[in-house]
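Here's the structure we're looking at; comments come further down.
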Amino acid sequence: MITLIEKLSGIPAGSTLAAALKTRAEVLRLSEAAHDAVLLPRDPGGLSHALRAALAARMCRHVGNAALVAHYDGYLAHSGDDDVAALARPGGVCGDARHDAMARHADLLTLSPRDATREDIARLRAAGVGDPDIVRLSELAAFVNYQLRVIAGLMLLKEIA
Amino acid sequence: MSKPVHSFTAKVPEWSPYVTPVDFAGATPEQLSAMKITPSNKGVSSYVLTLAHDPESLEIRSPLFNLIMYGKDGLSPAERELGAIAASVVNRCIYCTAVHASRFLGHTKRTDLIETIFADELQASLPPREQAVFDFAARLSTTPVAATPADVRSLKEVGLDELEQVDLILSAAIFGWANRLMHTLGEPLAEDA
């Protein structure tokens with residue numbers, strides 16, 4: 001089965017790059033499992049599947065990957081949860097203090113993680129986000145940024161091949 | 001007295017979380033499984049106990065990280081470390097930079113290269129092969145992504161084959177992940193010098 005990274009990178013079947021990726025099949029398989037663990041976890045805690053999809057789409061819009069935006073927008077639409085839909089766009093707020101604080105933090109972790117400090121964790125806590133949800137949010141943002149960069153890198157390789 | 005470390009160093013600091021880690025005694029079976037607890041485990045790091053708040057992610061990320069950084073064939077271990085260092089410099093993760101600079105030094109003994117990177121960061125001037133590897137990984141790590149086809153051509157020119165290029169993408173990207181945990185969920189601490 002083709003993984004999301006392979007599909008969205010558009011690596012041509014039969015190319016030398018496809019052959020190189022074949023030797024990294026286990027990395028791709030684990031990357032797909034990681035996607036499922038942060039987007040569709042069995043225990044979502046305080047981050048519903050819809051909220052996770054909205055935040056993922058938002059982060060992908062920041063980095064500018066239209067195919068990945070469409071993927072996460074699709075998850076969001078499928079959830080049928082309109083309350084968090086506004087968060088899928090940078091600058092969007094939904095009026096729920098917890099969710100808006102999480103969106104702000106997802107922006108920070110995507111755009112300038114280097115500027116994150118203890119104060120940013122304090123802001124999340126003040127908005128009512130508990131420590132387990134802070135870790136869940138961080139894993140979501142960290143994974144999406146990993147996935148975005150793997151795809152961006154592979155697309156560059158494809159261009160040169 | 002331990003103090004936060006704000007400058008790049010190859011001396012590995014402590015890592016102190018901003019959030020309260022999982023209490024080991026109260027960990028669920030799923031958390032214990034994700035932490036890979038065995039009867040021989042003496043101590044679990046505060047980092048792993050922190051990430052155990054999300055056991056489903058931790059369970060996958062640990063083997064993925066190990067495979068990307070320590071897998072056989074493809075890009076050399078030292079150059080995977082250099083990719084990790086480049087990402088960690090972009091994201092200013094002092095802790096990750098220290099761990100992987102020390103591993104790079106273990107492989108290469110090239111303290112001069114690490115000193116140059118710590119002093120000049122993204123403007124570091126390195127030998128051609130290291131320069132191409134470092135620059136590509138750094139430019140893949142920014143938001144938005146700044147890497148271009150010309151950066152890939154540079155990798156080819158210094159002799160990286162396609163599999164090695166893939167491994168470099170993976171090592172930089174997995175540090176885009178690691179930095180976003182380590183640098184944002186806690187801070188590096190060291191004793192007063």
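Chain labels A, B, ... are given in the sequence in which chains occur in the structure tokens; within each chain residues are numbered consecutively from 1, and ligands are likewise numbered from 1 in the order shown.
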- [ ] Find the residues of chain A in contact range of chain B, meaning any atom within 6 Å when counting only C-alpha atoms, and list them as a PyMOL selection string.
- [x] chain A and resi 20+30+34+37+63+111+113-114+116+131-132+136+142-143+146+149+153+156
Only N, CA, C and O atoms, please: the residues just picked out, written as an mmCIF file, in the first residue's frame.
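Printed below is result.cif as written:
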data_model
loop_
_atom_site.group_PDB
_atom_site.id
_atom_site.type_symbol
_atom_site.label_atom_id
_atom_site.label_comp_id
_atom_site.auth_asym_id
_atom_site.auth_seq_id
_atom_site.Cartn_x
_atom_site.Cartn_y
_atom_site.Cartn_z
ATOM 1 N N ALA A 20 14.875 4.061 -4.271
ATOM 2 C CA ALA A 20 15.537 4.473 -3.017
ATOM 3 C C ALA A 20 14.534 4.452 -1.867
ATOM 4 O O ALA A 20 14.843 4.001 -0.756
ATOM 5 N N LEU A 30 6.291 3.564 9.360
ATOM 6 C CA LEU A 30 6.197 4.160 10.698
ATOM 7 C C LEU A 30 5.711 5.610 10.623
ATOM 8 O O LEU A 30 5.008 6.084 11.522
ATOM 9 N N ALA A 34 2.571 7.074 12.542
ATOM 10 C CA ALA A 34 2.642 8.283 13.364
ATOM 11 C C ALA A 34 1.521 9.253 12.980
ATOM 12 O O ALA A 34 0.903 9.886 13.848
ATOM 13 N N ALA A 37 -1.484 8.092 14.606
ATOM 14 C CA ALA A 37 -1.439 8.273 16.065
ATOM 15 C C ALA A 37 -1.728 9.717 16.484
ATOM 16 O O ALA A 37 -2.255 9.948 17.574
ATOM 17 N N VAL A 63 2.870 26.574 5.906
ATOM 18 C CA VAL A 63 4.062 26.141 5.177
ATOM 19 C C VAL A 63 3.800 26.112 3.671
ATOM 20 O O VAL A 63 4.734 26.152 2.870
ATOM 21 N N LEU A 111 5.779 28.246 12.936
ATOM 22 C CA LEU A 111 6.452 29.406 12.340
ATOM 23 C C LEU A 111 7.791 29.711 13.004
ATOM 24 O O LEU A 111 8.757 30.037 12.325
ATOM 25 N N PRO A 113 9.425 27.956 16.224
ATOM 26 C CA PRO A 113 9.590 27.191 17.473
ATOM 27 C C PRO A 113 10.762 27.695 18.303
ATOM 28 O O PRO A 113 10.759 27.567 19.527
ATOM 29 N N ARG A 114 11.742 28.282 17.635
ATOM 30 C CA ARG A 114 12.907 28.780 18.377
ATOM 31 C C ARG A 114 12.512 29.832 19.404
ATOM 32 O O ARG A 114 13.225 30.032 20.394
ATOM 33 N N ALA A 116 9.819 29.802 21.286
ATOM 34 C CA ALA A 116 8.959 29.264 22.349
ATOM 35 C C ALA A 116 9.681 29.313 23.703
ATOM 36 O O ALA A 116 10.873 29.039 23.780
ATOM 37 N N ASP A 131 -1.731 19.505 31.097
ATOM 38 C CA ASP A 131 -0.411 19.063 30.635
ATOM 39 C C ASP A 131 -0.477 17.909 29.622
ATOM 40 O O ASP A 131 0.249 17.943 28.624
ATOM 41 N N PRO A 132 -1.319 16.880 29.840
ATOM 42 C CA PRO A 132 -1.374 15.835 28.803
ATOM 43 C C PRO A 132 -1.788 16.391 27.442
ATOM 44 O O PRO A 132 -1.233 15.992 26.415
ATOM 45 N N ARG A 136 0.080 16.345 23.807
ATOM 46 C CA ARG A 136 -0.617 15.867 22.592
ATOM 47 C C ARG A 136 -0.543 16.909 21.478
ATOM 48 O O ARG A 136 -0.279 16.588 20.313
ATOM 49 N N ALA A 142 4.510 18.856 15.934
ATOM 50 C CA ALA A 142 5.845 18.380 15.580
ATOM 51 C C ALA A 142 5.757 17.381 14.425
ATOM 52 O O ALA A 142 6.535 17.442 13.476
ATOM 53 N N PHE A 143 4.779 16.484 14.502
ATOM 54 C CA PHE A 143 4.622 15.504 13.417
ATOM 55 C C PHE A 143 4.286 16.192 12.095
ATOM 56 O O PHE A 143 4.873 15.878 11.048
ATOM 57 N N TYR A 146 7.234 17.616 10.576
ATOM 58 C CA TYR A 146 8.084 16.543 10.025
ATOM 59 C C TYR A 146 7.569 16.129 8.651
ATOM 60 O O TYR A 146 8.315 16.093 7.657
ATOM 61 N N ARG A 149 8.064 18.535 5.836
ATOM 62 C CA ARG A 149 9.454 18.662 5.372
ATOM 63 C C ARG A 149 9.917 17.432 4.609
ATOM 64 O O ARG A 149 10.706 17.554 3.674
ATOM 65 N N GLY A 153 11.095 17.925 0.790
ATOM 66 C CA GLY A 153 12.411 17.451 0.373
ATOM 67 C C GLY A 153 12.314 16.470 -0.784
ATOM 68 O O GLY A 153 13.064 16.567 -1.764
ATOM 69 N N LEU A 156 11.638 18.121 -4.046
ATOM 70 C CA LEU A 156 12.849 18.729 -4.627
ATOM 71 C C LEU A 156 13.696 17.671 -5.334
ATOM 72 O O LEU A 156 14.213 17.907 -6.421
#
Open item on the list: If we count only C-alpha atoms and set the cut-off at 8 Å, which residues sit around His107 (chain B), ignoring sequence neighbours fewer than 4 positions away in its own chain? Please answer as a PyMOL selection string.
Closed with: chain B and resi 77-78+103
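Restricting the calculation to only C-alpha atoms, the smallest distance between Ser48 (chain A) and any of A:Leu148, A:Leu137, A:Asp120, A:Leu109 is found for A:Leu137.
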- [ ] One decimal, Å: what's the distance from CA of Lys158 (chain A) over to CA of Glu6 (chain A), could you say?
- [x]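 Between CA of Lys158 (chain A) and CA of Glu6 (chain A) the gap is 11.3 Å.
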TODO: Give the answer as one residue: which of A:His62, A:Arg98, A:His105, A:His49 has the shortest atom-to-atom distance to Gly128 (chain A), using only C-alpha atoms?
DONE: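 Among the listed residues, A:Arg98 lies closest to Gly128 (chain A).
Excluding Ala124 (chain B) itself and same-chain residues fewer than 2 positions from it, the residues having an atom within 12 Å of it are Ala86, Val89, Asp112, Leu113, Ile114, Glu115, Thr116, Ile117, Phe118, Ala119, Asp120, Glu121, Leu122, Leu126, Pro127, Pro128, Glu130, Gln131, Ala132, Phe134, Asp135 and Ala138 of chain B, counting only C-alpha atoms.
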TODO: Quick one: everything within 12 Å of Asn65 (chain A), counting only C-alpha atoms, minus sequence neighbours fewer than 4 positions away in the same chain. Send it as a ChimeraX atom specification.
DONE: /A:8-9,56-61,69-72,144-145,147-152,155 /B:143-145
TODO: Report the residues of region 13-134 of chain A whose backbone DSSP state falls under helix (DSSP H, G or I), written as number ranges by chain.
DONE: A: 16-22, 25-39, 49-63, 66-79, 85-88, 97-111, 113-115, 118-126, 131-134
Task: Point-to-point distance from CA of Glu139 (chain A) to CA of Met102 (chain A), Å rounded to tenths - done: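 Between these atoms lies a distance of 12.3 Å.
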TODO: Quick one: everything within 9 Å of Val129 (chain A), counting only C-alpha atoms, minus sequence neighbours fewer than 4 positions away in the same chain. Send it as a ChimeraX atom specification.
DONE: /A:46,98-99,101-102,123-125,133-134
- [ ] For Ala85 (chain A), please output as a list in words all residues within 9 Å (counting only C-alpha atoms; exclusion window: fewer than 5 positions along the same chain).
- [x] Ala50, Leu51, Ala54, Asp73, Leu76, Ala77, Gly92 and Cys94 of chain A
Since we have the selection now, will you write its residues out, keeping N, CA, C and O atoms, as a compact mmCIF listing (two decimals), in the first residue's frame?
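selection03.txt was written with the following content:
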# COMPACT_ATOMS: atom_id res chain seq x y z
N ALA A 50 -11.52 16.20 15.01
CA ALA A 50 -11.82 17.36 14.17
C ALA A 50 -10.85 18.51 14.46
O ALA A 50 -10.33 19.15 13.53
N LEU A 51 -10.59 18.75 15.75
CA LEU A 51 -9.66 19.83 16.11
C LEU A 51 -8.27 19.53 15.57
O LEU A 51 -7.58 20.41 15.05
N ALA A 54 -8.22 20.27 11.90
CA ALA A 54 -8.24 21.72 11.64
C ALA A 54 -6.86 22.33 11.89
O ALA A 54 -6.37 23.13 11.07
N ASP A 73 -8.07 19.13 5.28
CA ASP A 73 -9.41 19.71 5.12
C ASP A 73 -10.44 18.60 4.89
O ASP A 73 -11.58 18.70 5.37
N LEU A 76 -11.31 17.12 8.15
CA LEU A 76 -12.14 18.07 8.90
C LEU A 76 -13.58 18.03 8.38
O LEU A 76 -14.53 17.96 9.18
N ALA A 77 -13.74 18.04 7.07
CA ALA A 77 -15.08 17.99 6.49
C ALA A 77 -15.79 16.70 6.88
O ALA A 77 -16.97 16.69 7.23
N GLY A 92 -7.57 32.34 11.99
CA GLY A 92 -8.94 31.98 12.36
C GLY A 92 -9.07 31.67 13.85
O GLY A 92 -8.17 31.09 14.45
N CYS A 94 -12.09 30.44 16.99
CA CYS A 94 -13.41 29.81 17.10
C CYS A 94 -14.17 30.26 18.34
O CYS A 94 -15.31 29.85 18.55
